[in-house]
Structure formats: structure tokens, C-alpha cells
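Chemist: Structure below; questions to follow.
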Amino acid sequence: MVPVVGYVTLCLGVYLWGAGALPADRRPNTSAIPPSMRAQYRAIHGVDDDSAIRLDPFTMPWHLFRQPGGTDELRLPTRAGRILLQRSDRPADGARRLAADIAAVIFVSRAWSVDEQISTVLNEAFYGRGAFGLRDAAEAWYGQFPETLRPEEFLALQVLERGPSSYDPVCRPVRFEERFRFVSAQLSVVDIDAALARARERLRALPSACNGVSAPAATRLSIPVSSQAA
């Protein structure tokens, strides 16, 4: 009985400590995203409604334990929780940052639908070149609107969102190509060479930006995300 009480107290305490660091604005960002892009996001990241989970402070450790083994239930709520924490004007650090990460993942998994999580990620994620959100990213990288992006260009932006400085197609072309090919193979793209060429064709080259600029600290995760997605 004592171990159970201790476990419940610890889990609830960590959650409440982390929840206290969440930003006041916890609403999903439902600004317009073309349905076709939400569908493509689902395909790229392996998201479906059947795999959605509602977490709580007591089951979260079990999911974290399973994640290194390849379980992907945490993939979308982890990304959405990361975006939620970016809104804070006083971001936590150290151990409390980890507690806030956990609280954010639990919160979005319960309060936001799958489409709301996807829309929030697409509308607020960091894509490099100072671009937060798909609309700014489409302009920064391709000089386009989201509605005029090619599927291959949208895929390239999803590769970028995973690590803007690591997979910059201008500054890190080899790493970008490796990741683009890997994700394309996961999606069973028939002609990956042609897809890569189309992703690069309208790319706005800014080699002067290749100064090792990295993503803001707020975009870094302490919760592992599966390597099986962009």
C-alpha cells in the first residue's frame, strides 16, 4: 500500500509542479490550414485517430518507458506540447522544464483533438529563417503561400521542422537529402529522386544565412520522439 501511495503522490506532484509552468493561453491554434496538408501531415508522421491517447499523470511514466522501444503514441502530443510551452514568457529550465514537458503533453492529449494538435503544430512550429508557422515558412523558404506549396515542398518543411539547423537544405544539403530520402521511403514515394528535385526547384537559396544559427531553446525536447517520422 505504501509504494502505491508513494507512486501516486510522486506522479501527481510532478504533474502539478510542471502544470504551474504552463502558459496562460492554452488554446489550440486553429487558424486555417488546408485539409490536404493536415492529411499529408498525418501520413508523414503516422498519425491517425485510432492511435490517439488521453494521458494522465499516472500512466505517463509507462508510455515514456515504452517510447524508446519504438512506440509512437507520444509523437503528436509531444510536438504539440512543445509548441504550447513556446508561448510562455517565462520558460522553465532544469528539472522543472522536464516536469513542464510532461504536464504539457498530458494537457494537450486530453484537451485538444488530433486535428487541433496538428493545426497548432503547423501554425506555430519553428522552421528556421525566423519563421514560426507554416505560412511564414512557406514564404521564407519558397516564396509561396501554404496553399501553393507542392507536396514535396511541404514534406521538405516537415523535415526542416524536426531540426532547422541540422537539416537546412542550403547549409546542410547532404543531411537534408538523407533525411528527405529516408522519410520519402517510409511514405513509399515511387520516384524519390524526382521528389527531391521538386522539393529543391523553388527553394530560396540564402547561403549568407549559413552561420550555424540554431532553433530557439524553447523548441528543444527532453521527451524522446521516435526517429521513424520527419
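Please note that chains go A, B, ... in the order of the C-alpha cells, that every chain numbers its residues from 1, and that ligands are numbered from 1 in the order shown.
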Can you tell me, as a ChimeraX atom specification, what residues are no more than 8 Å from A:Gly81 when counting only C-alpha atoms, ignoring any on the same chain fewer than 3 positions away?
Modeler: /A:77-78,84-85,101,104-105,107-108
Chemist: Stretch 13-23 of chain A: which residues within 6 Å, counting only C-alpha atoms, same-chain residues fewer than 5 positions away excluded, as a VMD selection string?
Modeler: chain A and resid 88 99 to 100 103
Chemist: Measuring between only C-alpha atoms, which one of A:Gly128, A:Pro57, A:Gly6, A:Pro91 shows the shortest distance to A:Ser166?
Modeler: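 Closest to A:Ser166 of all the choices is A:Gly128.
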Chemist: List as a count of residues only the protein and nucleic acid residues near stretch 44-50 of chain A, meaning an atom at most 12 Å away when only C-alpha atoms are counted, but skip any in the same chain fewer than 3 places from it.
Modeler: 47
Chemist: If you count only C-alpha atoms, which residues fall within 9 Å of A:Ala111, apart from same-chain ones fewer than 5 positions away, as an MDAnalysis selection string?
Modeler: chainID A and resid 27:28 54 106
Chemist: Just to be explicit: take each residue in the selection above, keep all heavy atoms, and write the result as a CSV table (one decimal), in the first residue's frame.
Modeler:
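Dumped everything to out10.csv:
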```csv
chain,number,residue,atom,x,y,z
A,27,ARG,N,-5.1,27.5,-25.5
A,27,ARG,CA,-6.0,27.2,-26.5
A,27,ARG,C,-5.2,26.7,-27.7
A,27,ARG,O,-4.1,27.1,-28.0
A,27,ARG,CB,-6.8,28.4,-26.9
A,27,ARG,CG,-7.7,29.0,-25.8
A,27,ARG,CD,-8.2,30.4,-26.2
A,27,ARG,NE,-7.1,31.3,-26.4
A,27,ARG,CZ,-7.3,32.6,-26.8
A,27,ARG,NH1,-8.5,33.0,-27.1
A,27,ARG,NH2,-6.3,33.4,-26.9
A,28,PRO,N,-5.8,25.7,-28.5
A,28,PRO,CA,-5.2,25.3,-29.7
A,28,PRO,C,-5.2,26.4,-30.7
A,28,PRO,O,-6.2,27.2,-30.7
A,28,PRO,CB,-6.0,24.1,-30.1
A,28,PRO,CG,-7.4,24.3,-29.5
A,28,PRO,CD,-7.1,25.0,-28.2
A,54,ARG,N,-5.3,9.5,-24.5
A,54,ARG,CA,-5.5,10.5,-23.5
A,54,ARG,C,-4.7,10.1,-22.2
A,54,ARG,O,-5.0,9.1,-21.6
A,54,ARG,CB,-7.0,10.5,-23.1
A,54,ARG,CG,-7.9,11.1,-24.2
A,54,ARG,CD,-9.3,10.9,-24.0
A,54,ARG,NE,-9.8,11.6,-22.7
A,54,ARG,CZ,-10.1,12.8,-22.6
A,54,ARG,NH1,-10.1,13.6,-23.7
A,54,ARG,NH2,-10.5,13.3,-21.5
A,106,ILE,N,0.5,15.8,-21.3
A,106,ILE,CA,-0.7,15.3,-20.7
A,106,ILE,C,-1.9,16.3,-21.1
A,106,ILE,O,-2.9,15.8,-21.5
A,106,ILE,CB,-0.5,15.2,-19.2
A,106,ILE,CG1,0.5,14.0,-18.9
A,106,ILE,CG2,-1.9,14.9,-18.5
A,106,ILE,CD1,0.8,14.0,-17.4
```
Chemist: Could you give me, as an MDAnalysis selection string, the residues within 12 Å of A:Arg150, counting only C-alpha atoms and dropping anything in the same chain fewer than 4 positions from it?
Modeler: chainID A and resid 36:37 40 138 142 144:146 154:157 195:203
Chemist: Name all residues at most 8 Å from A:Leu134 (count only C-alpha atoms; drop same-chain ones fewer than 5 positions away) and give them as a PyMOL selection string.
Modeler: chain A and resi 122-125+127+146
Chemist: Go ahead and dump the residues you just picked, N, CA, C and O atoms, as an mmCIF file, in the first residue's frame.
Modeler:
```cif
data_model
loop_
_atom_site.group_PDB
_atom_site.id
_atom_site.type_symbol
_atom_site.label_atom_id
_atom_site.label_comp_id
_atom_site.auth_asym_id
_atom_site.auth_seq_id
_atom_site.Cartn_x
_atom_site.Cartn_y
_atom_site.Cartn_z
ATOM 1 N N LEU A 122 1.400 22.965 -36.974
ATOM 2 C CA LEU A 122 1.642 23.582 -38.274
ATOM 3 C C LEU A 122 1.613 25.106 -38.197
ATOM 4 O O LEU A 122 2.343 25.783 -38.935
ATOM 5 N N ASN A 123 0.802 25.655 -37.325
ATOM 6 C CA ASN A 123 0.672 27.112 -37.240
ATOM 7 C C ASN A 123 1.750 27.777 -36.394
ATOM 8 O O ASN A 123 1.977 28.981 -36.522
ATOM 9 N N GLU A 124 2.442 27.017 -35.521
ATOM 10 C CA GLU A 124 3.367 27.661 -34.593
ATOM 11 C C GLU A 124 4.762 27.048 -34.545
ATOM 12 O O GLU A 124 5.647 27.587 -33.868
ATOM 13 N N ALA A 125 5.013 25.950 -35.235
ATOM 14 C CA ALA A 125 6.336 25.316 -35.177
ATOM 15 C C ALA A 125 7.399 26.221 -35.796
ATOM 16 O O ALA A 125 7.113 27.061 -36.653
ATOM 17 N N TYR A 127 10.576 26.760 -38.160
ATOM 18 C CA TYR A 127 11.107 26.143 -39.375
ATOM 19 C C TYR A 127 12.442 26.736 -39.814
ATOM 20 O O TYR A 127 12.903 26.461 -40.925
ATOM 21 N N PRO A 146 0.975 28.676 -48.169
ATOM 22 C CA PRO A 146 0.776 27.249 -47.903
ATOM 23 C C PRO A 146 -0.070 26.554 -48.959
ATOM 24 O O PRO A 146 0.197 25.412 -49.324
#
```
Chemist: Taking the DSSP assignment computed from this structure's backbone, write out as number ranges by chain all residues of stretch 101-142 of chain A that belong to alpha helix (DSSP H).
Modeler: A: 101-111, 114-124, 134-142
Chemist: To one decimal place, how far is atom CA of A:Leu10 from atom CA of A:Arg82 in Å?
Modeler: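 Computed distance, atom CA of A:Leu10 to atom CA of A:Arg82, equals 22.7 Å.
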Chemist: Show me, as JSON, numbers by chain, the residues that have an atom within 9 Å of A:Val170 when counting only C-alpha atoms, minus same-chain residues fewer than 3 positions from it.
Modeler: {"A": [167, 173, 176, 203, 204, 205, 206, 207, 209, 210]}
